[in-house]
file coords35.txt (compact mmCIF, C-alpha atoms)
# COMPACT_ATOMS: atom_id res chain seq x y z
CA MET A 1 -86.20 24.26 -10.82
CA SER A 2 -87.71 27.54 -9.69
CA LEU A 3 -89.83 27.65 -6.52
CA ASN A 4 -92.05 30.26 -8.19
CA PRO A 5 -93.85 28.60 -11.13
CA SER A 6 -94.29 31.92 -12.97
CA ARG A 7 -90.55 32.63 -12.85
CA PRO A 8 -88.17 30.66 -15.06
CA SER A 9 -85.19 28.93 -13.50
CA SER A 10 -81.76 30.57 -13.80
CA SER A 11 -80.67 28.01 -16.38
CA GLU A 12 -83.48 29.18 -18.66
CA LEU A 13 -82.31 32.82 -18.62
CA VAL A 14 -79.59 34.61 -20.58
CA GLU A 15 -77.42 37.45 -19.31
CA LEU A 16 -77.27 40.57 -21.45
CA HIS A 17 -74.70 43.29 -20.98
CA VAL A 18 -76.09 46.84 -21.03
CA PHE A 19 -73.80 49.76 -21.84
CA TYR A 20 -73.81 53.54 -21.76
CA VAL A 21 -72.34 55.01 -24.92
CA PRO A 22 -70.53 58.37 -24.76
CA GLU A 23 -72.28 60.81 -27.07
CA GLY A 24 -69.20 61.53 -29.18
CA SER A 25 -69.04 57.89 -30.29
CA TRP A 26 -72.05 58.10 -32.58
CA ASN A 27 -71.70 58.59 -36.36
CA TYR A 28 -74.92 60.48 -37.10
CA LYS A 29 -74.29 60.53 -40.85
CA LEU A 30 -74.22 56.72 -41.10
CA ASN A 31 -76.39 56.10 -38.00
CA THR A 32 -73.77 53.69 -36.65
CA ILE A 33 -71.06 53.30 -34.03
CA SER A 34 -67.66 51.94 -34.97
CA ILE A 35 -66.64 48.74 -33.19
CA GLU A 36 -63.27 50.43 -32.60
CA VAL A 37 -64.79 52.68 -29.91
CA VAL A 38 -66.39 49.86 -27.89
CA ASN A 39 -63.64 50.24 -25.27
CA LYS A 40 -65.07 53.71 -24.46
CA PHE A 41 -68.48 52.28 -23.52
CA ILE A 42 -69.38 52.22 -19.83
CA SER A 43 -71.01 49.12 -18.37
CA ALA A 44 -74.43 49.63 -16.82
CA GLY A 45 -74.44 46.00 -15.70
CA PHE A 46 -76.12 42.78 -16.67
CA ILE A 47 -79.76 41.83 -16.88
CA ARG A 48 -81.11 38.27 -16.82
CA VAL A 49 -83.99 37.66 -19.19
CA SER A 50 -85.77 34.94 -21.10
CA PRO A 51 -84.09 34.34 -24.46
CA GLN A 52 -87.55 34.12 -26.06
CA LEU A 53 -88.48 37.70 -25.11
CA THR A 54 -88.54 40.11 -28.05
CA LEU A 55 -86.59 43.37 -28.03
CA GLN A 56 -89.89 45.24 -28.02
CA ALA A 57 -91.09 43.35 -24.93
CA LEU A 58 -87.80 44.07 -23.16
CA ARG A 59 -88.12 47.78 -23.99
CA LEU A 60 -91.50 47.80 -22.21
CA ARG A 61 -89.92 46.18 -19.13
CA LEU A 62 -86.58 48.04 -18.94
CA GLY A 63 -87.66 49.87 -15.79
CA GLU A 64 -88.02 46.52 -14.00
CA PHE A 65 -84.45 45.56 -14.85
CA LEU A 66 -82.60 48.88 -14.72
CA GLY A 67 -84.63 50.85 -12.19
CA GLU A 68 -87.51 53.24 -12.64
CA ASP A 69 -85.15 56.04 -13.74
CA ALA A 70 -84.39 54.16 -16.97
CA VAL A 71 -86.08 55.86 -19.90
CA ALA A 72 -86.89 53.15 -22.44
CA GLU A 73 -86.92 55.59 -25.35
CA LYS A 74 -83.26 56.47 -24.74
CA PHE A 75 -82.13 52.89 -25.17
CA LEU A 76 -81.08 51.49 -28.51
CA PHE A 77 -80.53 47.93 -29.56
CA LEU A 78 -77.47 47.62 -31.78
CA LYS A 79 -76.37 44.79 -34.02
CA CYS A 80 -73.08 44.07 -35.78
CA ILE A 81 -72.92 44.95 -39.44
CA GLY A 82 -69.38 44.68 -40.78
CA ASN A 83 -67.10 46.78 -38.56
CA ASN A 84 -69.94 48.85 -37.15
CA LEU A 85 -72.81 48.59 -34.74
CA ALA A 86 -76.08 49.68 -36.36
CA VAL A 87 -79.41 50.49 -34.75
CA VAL A 88 -82.07 47.80 -34.84
CA LYS A 89 -85.12 49.34 -36.51
CA GLU A 90 -88.37 49.64 -34.59
CA LYS A 91 -90.10 47.05 -36.80
CA GLN A 92 -87.28 44.60 -36.16
CA GLU A 93 -87.68 45.03 -32.38
CA SER A 94 -90.99 43.17 -32.54
CA GLU A 95 -89.40 40.32 -34.53
CA LEU A 96 -85.96 39.80 -32.95
CA LYS A 97 -85.64 37.75 -29.80
CA LEU A 98 -83.11 38.36 -27.06
CA LYS A 99 -81.36 35.06 -27.76
CA SER A 100 -79.70 36.80 -30.73
CA PHE A 101 -78.23 39.36 -28.29
CA ALA A 102 -76.75 36.78 -25.93
CA PRO A 103 -73.50 34.85 -26.28
CA PRO A 104 -72.22 33.72 -28.71
CA TYR A 105 -73.74 36.73 -30.52
CA VAL A 106 -71.99 39.18 -28.18
CA CYS A 107 -71.53 41.78 -30.89
CA ASN A 108 -75.25 42.63 -30.59
CA MET A 109 -75.80 44.82 -27.56
CA ILE A 110 -78.15 47.13 -25.70
CA PHE A 111 -77.06 50.72 -25.27
CA ASN A 112 -78.14 53.95 -23.69
CA LEU A 113 -76.84 57.13 -25.31
CA TYR A 114 -75.96 59.86 -22.84

call {"tool": "encode", "arguments": {"input": "coords35.txt", "output": "C-alpha cells"}}
result
Amino acid sequence: MSLNPSRPSSSELVELHVFYVPEGSWNYKLNTISIEVVNKFISAGFIRVSPQLTLQALRLRLGEFLGEDAVAEKFLFLKCIGNNLAVVKEKQESELKLKSFAPPYVCNMIFNLY
C-alpha cells in the first residue's frame, strides 16, 4: 500500500518500454516499421504508469516521465499489425489504454523518431 494516497502502489502500475527509432527504419510509403528492424531500436528506458491511463493522457504527461526535454509531439505509439508496427491514430489515442501496451502485449510500444 502506498504511503501517499494520491499515488498508486507499485503493484497497480505497469512498466512500459520506450524506444528511440533510427530514422532510416521508417517506411513512409506504408506508414509502418517492420518488426525485423526492432533490434536497431535504442532503449530510452522504462516508465511506470497506471494501466488505466489513455495514450492521450500519457502524451500530455510525457515530460514528467522522460524529462522536460521530451517533446510529446515527436513520440508515436505503435501497435502490431501483421509483421509491422503501425502508428496508432490520434483518435485511437483517446480510446486506447496503456494496459494494451504492457505485457503480454509487448508488440505495442512507444517510440520517439530521431

call {"tool": "closest_residue", "arguments": {"input": "coords35.txt", "among": "A:Leu96, A:Leu58, A:Ile47, A:Leu66", "to": "Glu15 in chain A", "atoms": "all atoms listed in the file"}}
result
A:Ile47

call {"tool": "residues_around", "arguments": {"input": "coords35.txt", "residues": "Leu55 in chain A", "least_positions_apart": "4", "cutoff": "10 Å", "atoms": "only C-alpha atoms", "output": "MDAnalysis selection string"}}
result
chainID A and resid 59:61 76:77 88 90 92:101 110

call {"tool": "residues_around", "arguments": {"input": "coords35.txt", "residues": "Ser43 in chain A", "least_positions_apart": "5", "cutoff": "9 Å", "atoms": "all atoms listed in the file", "output": "list of chain:residue names"}}
result
A:His17, A:Val18, A:Phe19, A:Tyr20, A:Val21

call {"tool": "residues_around", "arguments": {"input": "coords35.txt", "residues": "Asn83 in chain A", "least_positions_apart": "6", "cutoff": "12 Å", "atoms": "only C-alpha atoms", "output": "list in words"}}
result
Thr32, Ile33, Ser34, Ile35, Glu36, Val37, Val38 and Cys107 of chain A

call {"tool": "closest_residue", "arguments": {"input": "coords35.txt", "among": "A:Pro22, A:Ser11, A:Leu85, A:Lys91", "to": "Lys40 in chain A", "atoms": "only C-alpha atoms"}}
result
A:Pro22

call {"tool": "closest_residue", "arguments": {"input": "coords35.txt", "among": "A:Gly24, A:Asn31, A:Val49, A:Ala86", "to": "Ser10 in chain A", "atoms": "only C-alpha atoms"}}
result
A:Val49

call {"tool": "atom_distance", "arguments": {"input": "coords35.txt", "atom1": "CA of Gly63 in chain A", "atom2": "CA of Ala102 in chain A"}}
result
19.8 Å

call {"tool": "atom_distance", "arguments": {"input": "coords35.txt", "atom1": "CA of Leu62 in chain A", "atom2": "CA of Val14 in chain A"}}
result
15.2 Å

call {"tool": "closest_residue", "arguments": {"input": "coords35.txt", "among": "A:Ser25, A:Glu64, A:Cys80, A:Leu13", "to": "Phe41 in chain A", "atoms": "only C-alpha atoms"}}
result
A:Ser25

call {"tool": "atom_distance", "arguments": {"input": "coords35.txt", "atom1": "CA of Asn84 in chain A", "atom2": "CA of Ala57 in chain A"}}
result
25.0 Å
